[in-house]
file model-v2.cif (mmCIF, C-alpha atoms, pLDDT in the B column; chains and numbers go by the auth columns)
data_run
loop_
_atom_site.group_PDB
_atom_site.id
_atom_site.type_symbol
_atom_site.label_atom_id
_atom_site.label_comp_id
_atom_site.label_asym_id
_atom_site.label_seq_id
_atom_site.Cartn_x
_atom_site.Cartn_y
_atom_site.Cartn_z
_atom_site.B_iso_or_equiv
_atom_site.auth_seq_id
_atom_site.auth_asym_id
ATOM 1 C CA MET A 1 -14.622 99.345 86.325 49.00 2 A
ATOM 2 C CA THR A 2 -16.168 96.200 87.704 50.00 3 A
ATOM 3 C CA TRP A 3 -15.216 92.688 86.711 48.00 4 A
ATOM 4 C CA ASN A 4 -17.075 89.477 87.051 52.00 5 A
ATOM 5 C CA ASN A 5 -15.019 86.505 88.186 54.00 6 A
ATOM 6 C CA SER A 6 -15.356 84.609 84.937 54.00 7 A
ATOM 7 C CA ALA A 7 -13.928 87.421 82.830 53.00 8 A
ATOM 8 C CA SER A 8 -10.227 87.601 82.318 53.00 9 A
ATOM 9 C CA PRO A 9 -8.469 90.855 83.156 53.00 10 A
ATOM 10 C CA PRO A 10 -7.655 93.136 80.239 52.00 11 A
ATOM 11 C CA SER A 11 -4.368 92.503 78.548 52.00 12 A
ATOM 12 C CA SER A 12 -1.622 95.043 78.942 52.00 13 A
ATOM 13 C CA THR A 13 -1.180 95.306 75.156 54.00 14 A
ATOM 14 C CA LEU A 14 -3.094 97.839 73.110 48.00 15 A
ATOM 15 C CA ASP A 15 -5.900 96.382 71.005 49.00 16 A
ATOM 16 C CA LEU A 16 -5.705 98.130 67.620 48.00 17 A
ATOM 17 C CA THR A 17 -8.741 96.381 66.160 52.00 18 A
ATOM 18 C CA THR A 18 -11.272 98.631 67.934 53.00 19 A
ATOM 19 C CA HIS A 19 -11.345 102.378 67.866 48.00 20 A
ATOM 20 C CA PRO A 20 -13.295 104.860 69.943 49.00 21 A
ATOM 21 C CA PRO A 21 -16.115 106.518 68.017 53.00 22 A
ATOM 22 C CA SER A 22 -15.137 109.592 66.049 49.00 23 A
ATOM 23 C CA PRO A 23 -16.335 112.865 67.517 52.00 24 A
ATOM 24 C CA ARG A 24 -19.511 114.259 66.046 53.00 25 A
ATOM 25 C CA LYS A 25 -19.557 117.657 64.406 51.00 26 A
ATOM 26 C CA GLY A 26 -19.016 120.266 67.081 48.00 27 A
ATOM 27 C CA GLU A 27 -17.236 117.896 69.460 48.00 28 A
ATOM 28 C CA GLY A 28 -13.474 117.853 69.688 44.00 29 A
ATOM 29 C CA ARG A 29 -11.054 118.541 66.871 43.00 30 A
ATOM 30 C CA GLY A 30 -12.273 122.149 66.565 42.00 31 A
ATOM 31 C CA GLU A 31 -15.093 121.279 64.167 44.00 32 A
ATOM 32 C CA GLY A 32 -18.413 123.029 63.832 49.00 33 A
ATOM 33 C CA ARG A 33 -19.744 125.151 66.652 53.00 34 A
ATOM 34 C CA GLY A 34 -16.870 124.468 69.026 56.00 35 A
ATOM 35 C CA GLN A 35 -14.314 126.083 66.736 69.00 36 A
ATOM 36 C CA GLY A 36 -12.680 129.381 67.624 78.00 37 A
ATOM 37 C CA PHE A 37 -13.462 131.701 70.483 85.00 38 A
ATOM 38 C CA THR A 38 -15.574 134.721 71.264 87.00 39 A
ATOM 39 C CA PRO A 39 -13.785 137.714 72.776 90.00 40 A
ATOM 40 C CA LEU A 40 -15.119 139.657 75.763 90.00 41 A
ATOM 41 C CA PHE A 41 -13.961 143.247 75.777 90.00 42 A
ATOM 42 C CA ASP A 42 -13.209 144.550 79.282 90.00 43 A
ATOM 43 C CA GLU A 43 -14.405 148.095 78.636 90.00 44 A
ATOM 44 C CA ILE A 44 -17.791 146.866 77.403 92.00 45 A
ATOM 45 C CA SER A 45 -18.105 144.418 80.277 92.00 46 A
ATOM 46 C CA ASP A 46 -17.306 147.181 82.778 92.00 47 A
ATOM 47 C CA SER A 47 -19.738 149.713 81.296 91.00 48 A
ATOM 48 C CA CYS A 48 -22.605 147.535 79.999 93.00 49 A
ATOM 49 C CA GLY A 49 -22.265 144.225 81.826 95.00 50 A
ATOM 50 C CA PHE A 50 -21.122 140.711 81.041 95.00 51 A
ATOM 51 C CA VAL A 51 -24.104 139.691 78.901 96.00 52 A
ATOM 52 C CA ALA A 52 -23.792 142.794 76.716 96.00 53 A
ATOM 53 C CA ALA A 53 -20.061 142.122 76.326 95.00 54 A
ATOM 54 C CA ALA A 54 -20.814 138.528 75.296 96.00 55 A
ATOM 55 C CA ALA A 55 -23.415 139.719 72.763 96.00 56 A
ATOM 56 C CA TYR A 56 -20.931 142.268 71.420 95.00 57 A
ATOM 57 C CA GLY A 57 -18.262 139.552 71.187 94.00 58 A
ATOM 58 C CA ILE A 58 -20.530 137.313 69.096 94.00 59 A
ATOM 59 C CA ILE A 59 -21.439 140.201 66.795 95.00 60 A
ATOM 60 C CA TRP A 60 -17.790 141.246 66.556 93.00 61 A
ATOM 61 C CA ARG A 61 -16.842 137.672 65.647 92.00 62 A
ATOM 62 C CA TYR A 62 -19.544 137.392 62.964 92.00 63 A
ATOM 63 C CA SER A 63 -18.528 140.773 61.552 92.00 64 A
ATOM 64 C CA GLN A 64 -14.991 139.577 60.802 89.00 65 A
ATOM 65 C CA MET A 65 -16.208 138.338 57.426 85.00 66 A
ATOM 66 C CA ARG A 66 -15.687 140.014 54.076 86.00 67 A
ATOM 67 C CA ASP A 67 -18.286 142.795 54.416 90.00 68 A
ATOM 68 C CA GLY A 68 -17.560 143.664 58.075 91.00 69 A
ATOM 69 C CA VAL A 69 -21.128 143.319 59.341 94.00 70 A
ATOM 70 C CA CYS A 70 -23.134 140.779 61.337 95.00 71 A
ATOM 71 C CA ARG A 71 -26.265 139.489 59.623 94.00 72 A
ATOM 72 C CA ALA A 72 -27.164 136.851 62.220 94.00 73 A
ATOM 73 C CA SER A 73 -30.685 136.929 63.623 95.00 74 A
ATOM 74 C CA VAL A 74 -31.379 137.607 67.284 95.00 75 A
ATOM 75 C CA ALA A 75 -32.462 133.959 67.577 96.00 76 A
ATOM 76 C CA THR A 76 -29.048 132.834 66.281 95.00 77 A
ATOM 77 C CA LEU A 77 -27.189 135.160 68.645 95.00 78 A
ATOM 78 C CA ALA A 78 -29.322 133.970 71.562 96.00 79 A
ATOM 79 C CA ALA A 79 -28.722 130.323 70.676 95.00 80 A
ATOM 80 C CA ARG A 80 -24.950 130.872 70.534 93.00 81 A
ATOM 81 C CA LEU A 81 -25.046 132.387 74.028 93.00 82 A
ATOM 82 C CA ASN A 82 -27.673 129.953 75.345 95.00 83 A
ATOM 83 C CA MET A 83 -29.917 132.864 76.339 95.00 84 A
ATOM 84 C CA ASN A 84 -33.430 134.096 75.696 97.00 85 A
ATOM 85 C CA PRO A 85 -33.834 136.245 72.549 96.00 86 A
ATOM 86 C CA SER A 86 -35.546 138.970 74.631 96.00 87 A
ATOM 87 C CA THR A 87 -32.426 139.229 76.796 97.00 88 A
ATOM 88 C CA ILE A 88 -30.250 139.615 73.703 96.00 89 A
ATOM 89 C CA LYS A 89 -32.569 142.282 72.225 96.00 90 A
ATOM 90 C CA ARG A 90 -32.393 144.279 75.463 97.00 91 A
ATOM 91 C CA HIS A 91 -28.587 144.154 75.526 97.00 92 A
ATOM 92 C CA LEU A 92 -28.294 144.962 71.812 96.00 93 A
ATOM 93 C CA LYS A 93 -30.371 148.094 72.401 96.00 94 A
ATOM 94 C CA ASN A 94 -28.037 149.027 75.278 95.00 95 A
ATOM 95 C CA LEU A 95 -24.960 148.503 73.065 95.00 96 A
ATOM 96 C CA ILE A 96 -26.466 150.662 70.339 94.00 97 A
ATOM 97 C CA ASP A 97 -27.456 153.401 72.805 94.00 98 A
ATOM 98 C CA THR A 98 -23.945 153.482 74.309 93.00 99 A
ATOM 99 C CA GLY A 99 -22.301 153.647 70.869 93.00 100 A
ATOM 100 C CA TYR A 100 -20.590 150.258 70.817 94.00 101 A
ATOM 101 C CA LEU A 101 -22.786 148.935 67.987 95.00 102 A
ATOM 102 C CA GLN A 102 -24.407 150.429 64.931 94.00 103 A
ATOM 103 C CA ASP A 103 -27.718 149.073 63.684 94.00 104 A
ATOM 104 C CA LEU A 104 -27.480 149.574 59.929 94.00 105 A
ATOM 105 C CA THR A 105 -31.164 148.667 59.475 93.00 106 A
ATOM 106 C CA PRO A 106 -32.937 150.421 62.376 91.00 107 A
ATOM 107 C CA GLY A 107 -36.358 150.611 60.710 90.00 108 A
ATOM 108 C CA LEU A 108 -36.476 146.943 59.719 89.00 109 A
ATOM 109 C CA ARG A 109 -39.267 144.915 61.339 89.00 110 A
ATOM 110 C CA ASN A 110 -39.659 141.125 61.650 87.00 111 A
ATOM 111 C CA ARG A 111 -36.379 140.396 59.842 90.00 112 A
ATOM 112 C CA PRO A 112 -32.764 140.112 61.016 91.00 113 A
ATOM 113 C CA HIS A 113 -31.030 143.447 61.461 93.00 114 A
ATOM 114 C CA ILE A 114 -27.528 144.154 60.222 94.00 115 A
ATOM 115 C CA TYR A 115 -25.137 145.168 63.004 95.00 116 A
ATOM 116 C CA GLN A 116 -21.648 146.597 62.817 93.00 117 A
ATOM 117 C CA PRO A 117 -19.213 147.144 65.690 92.00 118 A
ATOM 118 C CA ALA A 118 -18.609 150.865 66.130 90.00 119 A
ATOM 119 C CA GLY A 119 -15.765 152.912 67.532 71.00 120 A
ATOM 120 C CA LYS A 120 -12.344 151.675 68.509 52.00 121 A
ATOM 121 C CA TYR A 121 -13.142 147.959 68.298 52.00 122 A
ATOM 122 C CA LYS A 122 -13.204 147.803 64.514 46.00 123 A
ATOM 123 C CA ARG A 123 -10.801 145.265 63.123 48.00 124 A
ATOM 124 C CA LYS A 124 -7.431 146.748 62.284 47.00 125 A
ATOM 125 C CA PRO A 125 -5.092 145.246 59.678 54.00 126 A
ATOM 126 C CA MET A 126 -2.075 143.356 60.952 56.00 127 A
ATOM 127 C CA PRO A 127 1.151 145.358 60.732 65.00 128 A
ATOM 128 C CA ALA A 128 3.560 144.275 58.018 67.00 129 A
ATOM 129 C CA GLN A 129 6.591 142.437 59.295 67.00 130 A
#

call {"tool": "encode", "arguments": {"input": "model-v2.cif", "output": "structure tokens"}}
result
Amino acid sequence: MTWNNSASPPSSTLDLTTHPPSPRKGEGRGEGRGQGFTPLFDEISDSCGFVAAAAYGIIWRYSQMRDGVCRASVATLAARLNMNPSTIKRHLKNLIDTGYLQDLTPGLRNRPHIYQPAGKYKRKPMPAQ
């Protein structure tokens, strides 16, 4: 911080009349896009690579809704991972071929597919305590 000589130094008391701007949606406070986390499963990362594990994690996260499937478009998945949609398509195909994902709409063209995590990574109910 620089001062000019005519300005007085800041007082040591807290000025309660001004407030910093509130965070915008998605910044701080866990709002919007910054909320939550996306898991990366070690087994998928080891067998298919980091990008495939990240794509699986996003799909797994979206599939935690009521119907247990991910209906997000490839463009949405790519935007969430800050990657090219072609990269995501390639890794989704790899995940399907290795049995980690199921494409419930394999014949669908030019519309978002419906994906479901397959195998041992399906969500299990919490044990009763």

call {"tool": "closest_atom_pairs", "arguments": {"input": "model-v2.cif", "of": "stretch 37-58 of chain A", "to": "stretch 91-99 of chain A", "cutoff": "12 Å", "atoms": "all atoms listed in the file", "output": "JSON lines"}}
result
{"residue": "A:Glu44", "atom": "CA", "partner": "A:Thr99", "partner_atom": "CA", "distance": 11.8}
{"residue": "A:Ile45", "atom": "CA", "partner": "A:Leu96", "partner_atom": "CA", "distance": 8.5}
{"residue": "A:Ser46", "atom": "CA", "partner": "A:Leu96", "partner_atom": "CA", "distance": 10.8}
{"residue": "A:Ser48", "atom": "CA", "partner": "A:Thr99", "partner_atom": "CA", "distance": 9.0}
{"residue": "A:Cys49", "atom": "CA", "partner": "A:Asn95", "partner_atom": "CA", "distance": 7.3}
{"residue": "A:Gly50", "atom": "CA", "partner": "A:His92", "partner_atom": "CA", "distance": 8.9}
{"residue": "A:Phe51", "atom": "CA", "partner": "A:His92", "partner_atom": "CA", "distance": 9.9}
{"residue": "A:Val52", "atom": "CA", "partner": "A:His92", "partner_atom": "CA", "distance": 7.2}
{"residue": "A:Ala53", "atom": "CA", "partner": "A:His92", "partner_atom": "CA", "distance": 5.1}
{"residue": "A:Ala54", "atom": "CA", "partner": "A:Leu96", "partner_atom": "CA", "distance": 8.7}
{"residue": "A:Ala55", "atom": "CA", "partner": "A:His92", "partner_atom": "CA", "distance": 9.6}
{"residue": "A:Ala56", "atom": "CA", "partner": "A:Leu93", "partner_atom": "CA", "distance": 7.2}
{"residue": "A:Tyr57", "atom": "CA", "partner": "A:Leu96", "partner_atom": "CA", "distance": 7.6}
{"residue": "A:Gly58", "atom": "CA", "partner": "A:Leu96", "partner_atom": "CA", "distance": 11.3}

call {"tool": "residues_near_point", "arguments": {"input": "model-v2.cif", "point": "(-23.8, 132.9, 71.7)", "cutoff": "12 Å", "atoms": "all atoms listed in the file", "output": "NGL selection string"}}
result
:A and (34-35 or 38-41 or 52-63 or 73-86 or 88-89)

call {"tool": "write_last_selection", "arguments": {"input": "model-v2.cif", "atoms": "C-alpha atoms", "output": "compact mmCIF listing (two decimals), in the coordinates of the input"}}
result
# COMPACT_ATOMS: atom_id res chain seq x y z
CA ARG A 34 -19.74 125.15 66.65
CA GLY A 35 -16.87 124.47 69.03
CA PHE A 38 -13.46 131.70 70.48
CA THR A 39 -15.57 134.72 71.26
CA PRO A 40 -13.78 137.71 72.78
CA LEU A 41 -15.12 139.66 75.76
CA VAL A 52 -24.10 139.69 78.90
CA ALA A 53 -23.79 142.79 76.72
CA ALA A 54 -20.06 142.12 76.33
CA ALA A 55 -20.81 138.53 75.30
CA ALA A 56 -23.42 139.72 72.76
CA TYR A 57 -20.93 142.27 71.42
CA GLY A 58 -18.26 139.55 71.19
CA ILE A 59 -20.53 137.31 69.10
CA ILE A 60 -21.44 140.20 66.80
CA TRP A 61 -17.79 141.25 66.56
CA ARG A 62 -16.84 137.67 65.65
CA TYR A 63 -19.54 137.39 62.96
CA ALA A 73 -27.16 136.85 62.22
CA SER A 74 -30.68 136.93 63.62
CA VAL A 75 -31.38 137.61 67.28
CA ALA A 76 -32.46 133.96 67.58
CA THR A 77 -29.05 132.83 66.28
CA LEU A 78 -27.19 135.16 68.64
CA ALA A 79 -29.32 133.97 71.56
CA ALA A 80 -28.72 130.32 70.68
CA ARG A 81 -24.95 130.87 70.53
CA LEU A 82 -25.05 132.39 74.03
CA ASN A 83 -27.67 129.95 75.34
CA MET A 84 -29.92 132.86 76.34
CA ASN A 85 -33.43 134.10 75.70
CA PRO A 86 -33.83 136.24 72.55
CA THR A 88 -32.43 139.23 76.80
CA ILE A 89 -30.25 139.62 73.70

call {"tool": "atom_distance", "arguments": {"input": "model-v2.cif", "atom1": "atom CA of A:Leu105", "atom2": "atom CA of A:Ala119"}}
result
10.9 Å

call {"tool": "atom_distance", "arguments": {"input": "model-v2.cif", "atom1": "atom CA of A:Pro113", "atom2": "atom CA of A:Gly37"}}
result
23.7 Å

call {"tool": "resolve_selection", "arguments": {"input": "model-v2.cif", "expression": "the PyMOL selection byres ((chain A and resi 114) around 7)", "output": "VMD selection string"}}
result
chain A and resid 72 74 104 106 109 112 to 113 115 to 116

call {"tool": "atom_distance", "arguments": {"input": "model-v2.cif", "atom1": "atom CA of A:Gly69", "atom2": "atom CA of A:Arg110"}}
result
22.0 Å
